[in-house]
Amino acid sequence: MRYSALRILKEGLTGNRGWQPAWREPEPKPEYDIVIIGGGGHGLSTAYYLAKEFGERKVAVLEKGWLGSGNVGRNTTIIRSNYLLEGNQPFYEFSLKLWEGLEQDFNYNAMVSQRGILNLCHSDPQRDAFVRRGNAMRLSGADSVILGPDEVRRMCPYLDHESARFPITGALWQPRGGTVRHDAVAWGYARGADQRGVDIIQNCEVTGFDIRDGRCLGVETAKGPIKARKVAMCVAGSSSRVAALAGMRLPIESHVLQAFVSEGLKPVLPGVITFGAGHFYVSQSDKGGLVFGGDIDGYNTYAQRGNLPVVEDVCEGGMAIMPMIGRARLLRMWGGVMDMSMDGSPFIDRTHVEGLYLNAGWCYGGFKATPASGYCYAHLLATGQSHETARSFRLDRFRLGAMIDEKGVGAQPNLH
Amino acid sequence: MIINHPLLGPRDSAEFVVLGDACLIDRPDGMNATFEELHDYAYVRDNPAGEHRELWYHEQGDRSWLVVTRSTLTHEVIKVDLARDVARARGRSR
């Protein structure tokens with residue numbers, strides 16, 4: 001069924017009796033060409049692009065819980081392509097371009113809203129660094145604008161511009177950045193994949209791999225064994241646990257990132273704003289809540305909740321840059337488990353086991369990457385070749401000395 | 001989280017900096033180690049779900065290094081030792 005305004009009108013006039021579930025609930029078949037482990041944003045978009053762009057017909061997505069029960073529903077919904085390094089920026093710009101056409105492509109309202117992202121700077125050297133970053137963005141075809149203090153003041157008069165410690169000296173603005181309704185991304189990809197014949201199997205935990213002579217022949221699951229020519233791990237947050245079932249150790253630690261939302265308020269923020277002197281970023285959802293977050297907690301954890309010291313740190317950041325946030329009451333807070341990799345960048349690669357592939361290590365930047373991650377992973381699975389924008393995301397890059405370390409802090413996952 | 005410091009008693013986790021897996025105590029000998037040993041030491045981690053031994057540094061306190069045994073599923077702190085004692089028991093120091 002295609003969704004359209006005409007369809008809504010027709011269903012409205014006929015008692016809304018024609019709507020159907022957005023996807024089937026099939027039982028697993030004994031064999032597939034490609035089995036994707038993980039029914040989150042990246043797994044579902046991988047399945048979607050495999051079916052749509054690469055003509056794969058026998059694909060299954062196995063999900064331990066329910067669709068989108070992980071990080072695709074636990075993030076702060078921001079999309080942007082404002083990276084610096086050559087290994088990253090073209091990939092994220094490719095992702096942003098896919099976001100721009102996504103709703104028409106998969107016929108689902110994901111509320112993609114390009115309201116802009118504003119990275120504030122607070123000193124001259126930081127402004128220089130942002131100019132460099134803005135130029136790097138433009139080299140990949142992305143948009144970037146350097147704003148002076150007066151322009152930032154006109155755009156956001158309520159920020160603390162004259163702070164003695166961290167005065168706002170300007171900003172890097174990406175008008176094409178913005179926010180997306182995150183759950184709808186999972187639902188839209190699931191529906192699009194399902195319509196093209198992908199079996200999406202929920203409540204089906206993978207409990208082991210069938211690996212013989214260095215070749216992966218399938219997976220063991222809660223619903224019995226499933227054979228596959230290719231098996232694709234796509235379980236960021238739990239990558240180490242699933243990879244351990246295949247005897248692998250990864251350059252990843254699992255950490256928790258907390259996020260917060262205030263009660264609904266009248267429109268006040270035009271887009272996404274990030275504080276340049278502490279770790280704090282904020283946007284306003286379409287319901288009116290201020291959605292904000294900061295740094296990871298910094299210790300290994302698989303619990304989807306954090307601790308109070310980081311709550312304090314985030315709120316201090318908020319009060320420092322946007323004092324009026326102190327009048328808003330906090331409605332909810334939550335945590336998501338992140339694959340923090342050793343250089344802060346992800347992996348889309350094959351593994352040492354033939355037929356077993358890995359998509360992991362998204363740190364706290366996985367949501368914006370959802371379309372390109374799926375597209376590039378599908379490209380690798382279907383053609384055997386890395387997509388041109390994802391060639392740097394190799395699993396063996398530490399061996400080769402080809403790290404993609406945006407922050408330049410080295411092999412210390414909790415600092416990325 | 002409250003860390004039961006062996007010398008100072010219960011301390012708030014905010015006083016600490018976390019380095020990571022306590023396996024970092026077992027640094028390979030740089031003069032003799034193989035490429036694989038050094039690579040795995042620097043970049044690869046077990047990252048278990050459950051009990052995890054990790055190095056915590058009491059930066060805002062007495063600046064001692066601790067080995068904290070903690071559950072990564074519940075955040076329960078199970079055991080805290082001085083890293084010095086752990087390292088000595090493993091023959092790391094004189």
# chains A, B, ... in the order shown; residues from 1 in each chain; ligands from 1

call {"tool": "interface_residues", "arguments": {"of": "chain A", "to": "chain B", "cutoff": "10 Å", "atoms": "only C-alpha atoms", "output": "ChimeraX atom specification"}}
result
/A:238-241,244,248-255,297-310,339,341-343,398-399,410-415

call {"tool": "residues_around", "arguments": {"residues": "stretch 389-394 of chain A", "least_positions_apart": "3", "cutoff": "12 Å", "atoms": "only C-alpha atoms", "output": "ChimeraX atom specification"}}
result
/A:85-95,140,251,341,343-352,357-362,369,372-380,385-386,397-405

call {"tool": "residues_around", "arguments": {"residues": "stretch 57-60 of chain A", "least_positions_apart": "2", "cutoff": "10 Å", "atoms": "only C-alpha atoms", "output": "PyMOL selection string"}}
result
chain A and resi 26+28-29+31-37+39+43-44+47-48+50-52+54-55+62-63+193-194+196-201+226+228+230-231

call {"tool": "residues_around", "arguments": {"residues": "A:Val242", "least_positions_apart": "6", "cutoff": "9 Å", "atoms": "only C-alpha atoms", "output": "ChimeraX atom specification"}}
result
/A:206-208,233,235,248

call {"tool": "residues_around", "arguments": {"residues": "A:Arg80", "least_positions_apart": "5", "cutoff": "12 Å", "atoms": "only C-alpha atoms", "output": "VMD selection string"}}
result
chain A and resid 89 to 100 112 to 119 137 142 to 144 173 to 180 271 to 273 365 to 370

call {"tool": "closest_residue", "arguments": {"among": "A:Gly276, A:Cys156, A:Ala259, A:Tyr281", "to": "A:Val311", "atoms": "only C-alpha atoms"}}
result
A:Ala259

call {"tool": "atom_distance", "arguments": {"atom1": "atom CA of A:Asn107", "atom2": "atom CA of A:Ser4"}}
result
8.2 Å

call {"tool": "closest_residue", "arguments": {"among": "A:Asn82, A:Leu356, A:Glu151, A:Pro157", "to": "A:Val219", "atoms": "only C-alpha atoms"}}
result
A:Leu356

call {"tool": "closest_residue", "arguments": {"among": "A:Leu102, A:Val291, A:Leu120, A:Ala277", "to": "A:Gly192", "atoms": "only C-alpha atoms"}}
result
A:Leu102

call {"tool": "residues_around", "arguments": {"residues": "A:Gly65", "least_positions_apart": "5", "cutoff": "10 Å", "atoms": "only C-alpha atoms", "output": "PyMOL selection string"}}
result
chain A and resi 38-40+70+201-205

call {"tool": "select_by_dssp", "arguments": {"residues": "chain B", "states": "strand (DSSP E)", "output": "NGL selection string"}}
result
:B and (2-5 or 9-12 or 17-21 or 51-57 or 65-71 or 77-82)

call {"tool": "atom_distance", "arguments": {"atom1": "atom CA of A:Thr221", "atom2": "atom CA of A:Phe209"}}
result
8.8 Å

call {"tool": "select_by_dssp", "arguments": {"residues": "chain B", "states": "helix (DSSP H, G or I)", "output": "JSON, numbers by chain"}}
result
{"B": [13, 14, 15, 22, 23, 24, 25, 35, 36, 37, 38, 39, 40, 41, 42, 43, 83, 84, 85, 86, 87, 88, 89]}

call {"tool": "write_last_selection", "arguments": {"atoms": "C-alpha atoms", "output": "tab-separated table (two decimals), in the first residue's frame"}}
result
chain	number	residue	atom	x	y	z
B	13	SER	CA	32.87	7.92	41.18
B	14	ALA	CA	33.00	11.51	39.90
B	15	GLU	CA	36.39	11.87	41.62
B	22	ALA	CA	42.70	-3.93	33.87
B	23	CYS	CA	44.47	-6.12	31.31
B	24	LEU	CA	46.39	-2.90	30.55
B	25	ILE	CA	48.54	-3.78	33.59
B	35	PHE	CA	53.52	-7.19	16.51
B	36	GLU	CA	50.31	-9.08	17.34
B	37	GLU	CA	50.87	-8.81	21.10
B	38	LEU	CA	51.42	-5.06	20.93
B	39	HIS	CA	48.48	-4.54	18.55
B	40	ASP	CA	46.11	-6.51	20.78
B	41	TYR	CA	47.36	-4.76	23.91
B	42	ALA	CA	46.81	-1.30	22.45
B	43	TYR	CA	43.63	-1.80	20.45
B	83	ALA	CA	46.42	-1.44	41.33
B	84	ARG	CA	49.88	-1.48	42.91
B	85	ASP	CA	49.00	-4.65	44.85
B	86	VAL	CA	47.47	-6.29	41.79
B	87	ALA	CA	50.48	-5.46	39.64
B	88	ARG	CA	52.95	-6.69	42.28
B	89	ALA	CA	51.02	-9.95	42.67

call {"tool": "closest_residue", "arguments": {"among": "A:Tyr83, A:Tyr49, A:Phe280, A:Trp23", "to": "A:Gly318", "atoms": "only C-alpha atoms"}}
result
A:Phe280
